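Participant: Let me give you the structure first, and then I'll get to my questions.
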Amino acid sequence: MAKGKSSGGLQAPRGTRDFYPEDMRRRNWLFGQFRETAHAFGFEEVDAPIVEHLDLFRRKAGEEILDQLYHFELHDRELALRAEMTPSIARMVIARQGAMRFPIRWFTVTQNWRYERMTRGRRREHYQWNMDIWGEPGVEAEAELLSAMFTAFDGLGLARGKVGVRLNSRALLEESLRRGVLADRPEVFEPLCVVIDKIDKIGAQAVTDLLCDPNGGVKLSAGEAERVIEMLSARSLDDAARFTSDDSGALTDLRKLYDLLDAYGIADHIPFDASVVRGLAYYTGVVFEAFDTGGVLRAIAGGGRYDRLAETLGGKPVPAVGFGFGDAVIAELLQDEGIWPDPPRDVQDIVYAFGAEEKPAAIGVATRLRRQGRNVELCLGQSKLKRILGDADKVGAERVFLIGSDELARGIVKVRDLAEKKEHEEPLGG
Ligand code: HAM
């Protein structure tokens with residue numbers, strides 16, 4: 001059975017992580033920030049299986065994410081580990097579409113798998129916080145989501161100005177091409193966006209070549225390709241207006257969105273940037289990506305409007321918009337900024353018996369304290385008191401309960417308050 005590259009099973013697969021207790025404390029802190037923000041915006045948490053039918057992910061636009069799928073066959077079924085949450089969420093919405101009261105606001109914090117070429121902040125498994133609004137066609141939804149993202153940045157301790165969001169609308173591009181190539185071949189739009197997304201990586205000329213390739217999936221004329229590349233250079237709405245008609249719906253939406261973002265007090269941190277199109281095929285309208293203003297890291301988060309996904313998957317049309325915010329890039333940024341916290345263990349009380357005789361009484365004290373809602377570590381075995389007290393300091397415990405033969409005989413327990421450095425006695429039963 002064993003073949004290919006293997007480390008004998010003792011190492012975690014490349015690009016994956018083990019979470020030891022100290023890592024887990026940080027992860028819980030980060031996810032706590034995500035959850036707190038989502039709740040503050042009235043979102044409800046959902047979840048779905050990490051294994052889905054491969055068919056859920058099959059799309060034809062040539063996206064990188066599909067080449068990165070962890071997929072396998074089991075009992076004649078083709079299955080895959082999810083690479084992102086959005087298709088699963090769409091599946092869940094479609095399953096209850098008739099009974100849903102839209103708009104719905106859902107969030108998830110889940111693990112995703114992508115067989116990536118690894119770079120800083122890019123892994124083969126990562127967690128993503130997703131926030132999605134289904135059933136709201138207006139840009140009020142985009143504005144809420146972007147405000148939630150900035151609220152999370154604030155909660156994480158990132159000063160305003162350390163992070164920004166670049167924003168564009170695919171609808172601008174679509175409008176501009178509607179009279180040309182998209183008039184006869186609307187299906188070309190998705191692969192076109194997927195190709196354009198590569199521009200940072202492969203450059204404008206290579207993108208032009210792909211767009212015009214007579215054997216490719218897009219087949220633009222040289223003039224159309226040139227116009228597309230030119231459009232990508234727009235860095236303001238007025239600049240972008242040069243490429244659309246006066247009655248452009250996409251531009252009207254963007255202007256409205258920026259007014260809303262202004263009301264939230266975040267417009268200054270969200271530059272318009274026509275080169276942001278995103279690499280996932282399903283986006284249809286506003287798209288955005290969060291970045292560190294130092295320009296060192298890859299995208300911290302990304303999202304956009306995907307009004308046609310439900311329909312593509314066989315459901316009734318429902319507008320939708322959302323974002324995914326990974327755990328890996330933000331961790332790098334918080335580390336660089338020196339604000340990645342090291343949360344303490346949350347043991348409050350430690351209960352110690354000097355000998356085997358006092359163990360039952362110690363169990364009684366630990367049980368009583370736990371019932372009171374305290375987090376209690378009961379010392380096992382026969383560790384030396386000195387070591388227990390040293391550990392108590394390290395884990396940040398507040399009190400140590402000590403029971404020896406003398407205490408047992410008197411029916412009391414000694415309580416040492418570690419912060420106050422004081423000791424008092426309590427009856428064993430509290
Ligand atoms: P995405 O841009 O592929 O979008 O991923 C969103 C975020 O997840 C990225 O900005 C990054 O923080 C993180 N991420 C993605 N891949 C990796 C990786 N290999 N290693 C570490 N972090 C990674 C989506 O997945 C969309 N489904 C987001 C969305 C939700 N759009 C609408 N709703």
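A note on labels: chains of the structure tokens are A, B, ... as shown, every chain counts residues from 1, and ligands are counted from 1 in their shown order.
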Would you return as a list in words the members of range 119-285 of chain A that DSSP assigns to strand (DSSP E or B) on this structure's backbone?

Facilitator: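 Strand (DSSP E or B) members of range 119-285 of chain A, listed: Thr119, Arg122, Glu125, His126, Tyr127, Gln128, Trp129, Asn130, Met131, Asp132, Ile133, Trp134, Val163, Gly164, Val165, Arg166, Leu167, Asn168, Ser169 and Phe272 of chain A.
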
Participant: Would you mind exporting C-alpha atoms of the selected residues as a PDB file, in the first residue's frame?

Facilitator:
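Result file out04.pdb:
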ATOM      1  CA  THR A 119       5.014  30.402   0.540  1.00  0.00           C
ATOM      2  CA  ARG A 122       0.196  29.919   2.389  1.00  0.00           C
ATOM      3  CA  GLU A 125      -4.480  23.350   5.329  1.00  0.00           C
ATOM      4  CA  HIS A 126      -5.740  26.600   6.719  1.00  0.00           C
ATOM      5  CA  TYR A 127      -8.676  27.834   8.697  1.00  0.00           C
ATOM      6  CA  GLN A 128     -10.967  30.457   7.330  1.00  0.00           C
ATOM      7  CA  TRP A 129     -13.507  32.712   8.939  1.00  0.00           C
ATOM      8  CA  ASN A 130     -16.325  33.244   6.427  1.00  0.00           C
ATOM      9  CA  MET A 131     -19.121  35.802   6.661  1.00  0.00           C
ATOM     10  CA  ASP A 132     -21.819  35.608   4.001  1.00  0.00           C
ATOM     11  CA  ILE A 133     -25.107  37.382   3.388  1.00  0.00           C
ATOM     12  CA  TRP A 134     -27.625  35.615   1.162  1.00  0.00           C
ATOM     13  CA  VAL A 163      -4.307  47.141   6.863  1.00  0.00           C
ATOM     14  CA  GLY A 164      -6.457  48.159   3.944  1.00  0.00           C
ATOM     15  CA  VAL A 165      -8.889  46.625   1.481  1.00  0.00           C
ATOM     16  CA  ARG A 166      -8.596  46.986  -2.295  1.00  0.00           C
ATOM     17  CA  LEU A 167     -11.985  46.972  -3.961  1.00  0.00           C
ATOM     18  CA  ASN A 168     -13.307  46.669  -7.498  1.00  0.00           C
ATOM     19  CA  SER A 169     -16.404  45.437  -9.306  1.00  0.00           C
ATOM     20  CA  PHE A 272     -10.635  51.423  -5.469  1.00  0.00           C
TER      21      PHE A 272
END

Participant: Go through the chains and note each residue within 6 Å of ligand 1, using only C-alpha atoms and all ligand atoms, then give the set as a PDB file with N, CA and C atoms, in the first residue's frame.

Facilitator:
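Once everything was written out, this is result_29.pdb:
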ATOM      1  N   GLU A  84     -12.645  25.406   0.187  1.00  0.00           N
ATOM      2  CA  GLU A  84     -13.255  26.663   0.629  1.00  0.00           C
ATOM      3  C   GLU A  84     -14.665  26.337   1.077  1.00  0.00           C
ATOM      4  N   MET A  85     -15.267  27.241   1.798  1.00  0.00           N
ATOM      5  CA  MET A  85     -16.568  26.958   2.413  1.00  0.00           C
ATOM      6  C   MET A  85     -17.747  27.325   1.500  1.00  0.00           C
ATOM      7  N   THR A  86     -17.522  28.231   0.572  1.00  0.00           N
ATOM      8  CA  THR A  86     -18.646  28.823  -0.163  1.00  0.00           C
ATOM      9  C   THR A  86     -19.538  27.791  -0.876  1.00  0.00           C
ATOM     10  N   ARG A 114      -5.988  22.802   0.514  1.00  0.00           N
ATOM     11  CA  ARG A 114      -5.578  23.117  -0.866  1.00  0.00           C
ATOM     12  C   ARG A 114      -4.141  22.643  -1.032  1.00  0.00           C
ATOM     13  N   GLU A 116      -1.240  23.459  -2.138  1.00  0.00           N
ATOM     14  CA  GLU A 116      -0.607  24.703  -2.593  1.00  0.00           C
ATOM     15  C   GLU A 116       0.886  24.549  -2.765  1.00  0.00           C
ATOM     16  N   GLY A 121       2.722  32.220   4.791  1.00  0.00           N
ATOM     17  CA  GLY A 121       1.286  32.417   5.040  1.00  0.00           C
ATOM     18  C   GLY A 121       0.390  31.574   4.151  1.00  0.00           C
ATOM     19  N   ARG A 122       0.970  30.754   3.306  1.00  0.00           N
ATOM     20  CA  ARG A 122       0.196  29.919   2.389  1.00  0.00           C
ATOM     21  C   ARG A 122       0.458  28.474   2.753  1.00  0.00           C
ATOM     22  N   ARG A 123      -0.552  27.731   3.135  1.00  0.00           N
ATOM     23  CA  ARG A 123      -0.355  26.382   3.635  1.00  0.00           C
ATOM     24  C   ARG A 123      -1.265  25.410   2.895  1.00  0.00           C
ATOM     25  N   ARG A 124      -1.092  24.135   3.203  1.00  0.00           N
ATOM     26  CA  ARG A 124      -1.955  23.137   2.546  1.00  0.00           C
ATOM     27  C   ARG A 124      -3.226  22.905   3.343  1.00  0.00           C
ATOM     28  N   HIS A 126      -5.620  25.339   5.996  1.00  0.00           N
ATOM     29  CA  HIS A 126      -5.740  26.600   6.719  1.00  0.00           C
ATOM     30  C   HIS A 126      -7.163  26.708   7.228  1.00  0.00           C
ATOM     31  N   GLN A 128     -10.415  29.233   7.891  1.00  0.00           N
ATOM     32  CA  GLN A 128     -10.967  30.457   7.330  1.00  0.00           C
ATOM     33  C   GLN A 128     -12.202  30.845   8.106  1.00  0.00           C
ATOM     34  N   ASN A 130     -15.479  32.758   7.523  1.00  0.00           N
ATOM     35  CA  ASN A 130     -16.325  33.244   6.427  1.00  0.00           C
ATOM     36  C   ASN A 130     -17.523  33.984   6.982  1.00  0.00           C
ATOM     37  N   ASP A 132     -21.080  35.517   5.256  1.00  0.00           N
ATOM     38  CA  ASP A 132     -21.819  35.608   4.001  1.00  0.00           C
ATOM     39  C   ASP A 132     -23.240  36.095   4.253  1.00  0.00           C
ATOM     40  N   ALA A 299      -2.605  38.192   0.443  1.00  0.00           N
ATOM     41  CA  ALA A 299      -3.899  38.733   0.881  1.00  0.00           C
ATOM     42  C   ALA A 299      -4.312  38.147   2.232  1.00  0.00           C
ATOM     43  N   ILE A 300      -4.774  39.020   3.101  1.00  0.00           N
ATOM     44  CA  ILE A 300      -5.207  38.605   4.441  1.00  0.00           C
ATOM     45  C   ILE A 300      -6.614  37.998   4.355  1.00  0.00           C
ATOM     46  N   ALA A 301      -7.415  38.551   3.478  1.00  0.00           N
ATOM     47  CA  ALA A 301      -8.803  38.090   3.346  1.00  0.00           C
ATOM     48  C   ALA A 301      -9.288  38.482   1.960  1.00  0.00           C
ATOM     49  N   GLY A 302     -10.330  37.820   1.494  1.00  0.00           N
ATOM     50  CA  GLY A 302     -10.857  38.171   0.185  1.00  0.00           C
ATOM     51  C   GLY A 302     -12.311  37.773   0.067  1.00  0.00           C
ATOM     52  N   GLY A 303     -13.014  38.496  -0.785  1.00  0.00           N
ATOM     53  CA  GLY A 303     -14.424  38.132  -0.949  1.00  0.00           C
ATOM     54  C   GLY A 303     -15.074  38.898  -2.072  1.00  0.00           C
ATOM     55  N   GLY A 304     -16.379  38.826  -2.116  1.00  0.00           N
ATOM     56  CA  GLY A 304     -17.110  39.525  -3.153  1.00  0.00           C
ATOM     57  C   GLY A 304     -18.507  38.986  -3.321  1.00  0.00           C
ATOM     58  N   VAL A 321     -23.256  37.543  -1.080  1.00  0.00           N
ATOM     59  CA  VAL A 321     -21.962  38.215  -0.994  1.00  0.00           C
ATOM     60  C   VAL A 321     -21.297  37.801   0.318  1.00  0.00           C
ATOM     61  N   GLY A 322     -19.973  37.700   0.291  1.00  0.00           N
ATOM     62  CA  GLY A 322     -19.299  37.285   1.528  1.00  0.00           C
ATOM     63  C   GLY A 322     -17.796  37.398   1.408  1.00  0.00           C
ATOM     64  N   PHE A 323     -17.124  37.013   2.486  1.00  0.00           N
ATOM     65  CA  PHE A 323     -15.665  36.996   2.432  1.00  0.00           C
ATOM     66  C   PHE A 323     -15.102  35.817   3.209  1.00  0.00           C
ATOM     67  N   GLY A 324     -13.862  35.466   2.895  1.00  0.00           N
ATOM     68  CA  GLY A 324     -13.112  34.461   3.643  1.00  0.00           C
ATOM     69  C   GLY A 324     -11.860  35.127   4.195  1.00  0.00           C
ATOM     70  N   PHE A 325     -11.586  34.865   5.457  1.00  0.00           N
ATOM     71  CA  PHE A 325     -10.484  35.524   6.167  1.00  0.00           C
ATOM     72  C   PHE A 325      -9.657  34.410   6.776  1.00  0.00           C
ATOM     73  N   GLY A 326      -8.446  34.186   6.271  1.00  0.00           N
ATOM     74  CA  GLY A 326      -7.642  33.047   6.714  1.00  0.00           C
ATOM     75  C   GLY A 326      -6.953  33.278   8.050  1.00  0.00           C
ATOM     76  N   ALA A 328      -3.769  32.117   8.626  1.00  0.00           N
ATOM     77  CA  ALA A 328      -2.311  32.032   8.509  1.00  0.00           C
ATOM     78  C   ALA A 328      -1.656  33.386   8.238  1.00  0.00           C
ATOM     79  N   VAL A 329      -2.204  34.148   7.303  1.00  0.00           N
ATOM     80  CA  VAL A 329      -1.574  35.423   6.950  1.00  0.00           C
ATOM     81  C   VAL A 329      -1.714  36.415   8.110  1.00  0.00           C
TER      82      VAL A 329
END

Participant: Pick from A:Lys386, A:Arg227, A:Arg178, A:Arg368: nearest to Gly429 in chain A, with only C-alpha atoms counted?

Facilitator: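 Smallest separation from Gly429 in chain A among the options: A:Arg368.
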
Participant: Tell me which of A:Ile199, A:Val218, A:Leu334, A:Ala353 sits closest to Gly381 in chain A, counting only C-alpha atoms.

Facilitator: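 Closest candidate: A:Ala353.
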
Participant: Which residues are close to Ala159 in chain A, i.e. within 12 Å by only C-alpha atoms, leaving aside same-chain residues fewer than 4 positions away? Reply as a list in words.

Facilitator: Phe150, Thr151, Ala152, Phe153, Asp154, Gly155, Val163, Gly164, His269, Asp292, Thr293, Leu333, Leu334, Glu337 and Ile339 of chain A

Participant: For N, CA, C and O atoms, I'd like the residues from the last selection saved as a compact mmCIF listing (two decimals), in the first residue's frame.

Facilitator:
# COMPACT_ATOMS: atom_id res chain seq x y z
N PHE A 150 -13.23 45.29 9.30
CA PHE A 150 -12.43 46.30 10.01
C PHE A 150 -12.65 46.21 11.52
O PHE A 150 -11.73 46.48 12.30
N THR A 151 -13.85 45.82 11.93
CA THR A 151 -14.10 45.63 13.36
C THR A 151 -13.20 44.51 13.89
O THR A 151 -12.65 44.59 14.98
N ALA A 152 -13.04 43.45 13.07
CA ALA A 152 -12.15 42.35 13.47
C ALA A 152 -10.70 42.86 13.56
O ALA A 152 -9.99 42.55 14.51
N PHE A 153 -10.27 43.65 12.58
CA PHE A 153 -8.90 44.19 12.63
C PHE A 153 -8.70 44.99 13.92
O PHE A 153 -7.66 44.87 14.59
N ASP A 154 -9.70 45.79 14.28
CA ASP A 154 -9.60 46.58 15.53
C ASP A 154 -9.47 45.63 16.72
O ASP A 154 -8.62 45.83 17.58
N GLY A 155 -10.32 44.59 16.75
CA GLY A 155 -10.33 43.65 17.87
C GLY A 155 -8.99 42.93 18.00
O GLY A 155 -8.56 42.59 19.10
N VAL A 163 -3.67 48.00 7.86
CA VAL A 163 -4.31 47.14 6.86
C VAL A 163 -5.30 47.95 6.03
O VAL A 163 -5.85 48.94 6.50
N GLY A 164 -5.49 47.52 4.81
CA GLY A 164 -6.46 48.16 3.94
C GLY A 164 -7.18 47.10 3.12
O GLY A 164 -6.84 45.91 3.20
N HIS A 269 -9.83 53.66 4.03
CA HIS A 269 -8.95 52.48 4.07
C HIS A 269 -9.28 51.48 2.96
O HIS A 269 -8.77 50.37 2.95
N ASP A 292 -1.87 43.98 3.87
CA ASP A 292 -1.10 44.73 4.87
C ASP A 292 -0.47 45.91 4.15
O ASP A 292 0.08 45.75 3.05
N THR A 293 -0.55 47.08 4.75
CA THR A 293 -0.07 48.27 4.03
C THR A 293 1.45 48.26 3.89
O THR A 293 2.00 48.97 3.06
N LEU A 333 1.14 38.56 10.26
CA LEU A 333 1.10 40.02 10.45
C LEU A 333 1.14 40.37 11.94
O LEU A 333 1.88 41.26 12.36
N LEU A 334 0.34 39.66 12.74
CA LEU A 334 0.31 39.95 14.18
C LEU A 334 1.68 39.67 14.80
O LEU A 334 2.12 40.40 15.69
N GLU A 337 4.02 42.47 13.86
CA GLU A 337 3.69 43.68 14.61
C GLU A 337 3.97 43.52 16.11
O GLU A 337 3.79 44.47 16.88
N ILE A 339 2.19 41.76 18.18
CA ILE A 339 0.94 41.78 18.96
C ILE A 339 0.22 40.43 18.90
O ILE A 339 -1.00 40.37 19.10

Participant: Which residues are near Tyr115 in chain A? Cut-off 12 Å, only C-alpha atoms, ignore same chain within fewer than 4 positions. Put them as a PyMOL selection string.

Facilitator: chain A and resi 13-16+64-71+80-83+122-126

Participant: Please list as a list in words every residue within 10 Å of Asp393 in chain A, counting only C-alpha atoms and excluding residues in the same chain fewer than 5 positions away.

Facilitator: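 The contact residues come out as Ile388, Glu398, Arg399, Val400, Leu418 and Ala419 of chain A.
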
Participant: Convert the current residue selection to file output with C-alpha atoms, as a PDB file, in the first residue's frame.

Facilitator:
ATOM      1  CA  ILE A 388       3.508  22.333  42.123  1.00  0.00           C
ATOM      2  CA  GLU A 398      -4.996  32.189  41.531  1.00  0.00           C
ATOM      3  CA  ARG A 399      -5.059  29.756  44.465  1.00  0.00           C
ATOM      4  CA  VAL A 400      -3.498  26.524  45.673  1.00  0.00           C
ATOM      5  CA  LEU A 418      -0.833  33.400  45.007  1.00  0.00           C
ATOM      6  CA  ALA A 419      -1.331  37.037  44.062  1.00  0.00           C
TER       7      ALA A 419
END
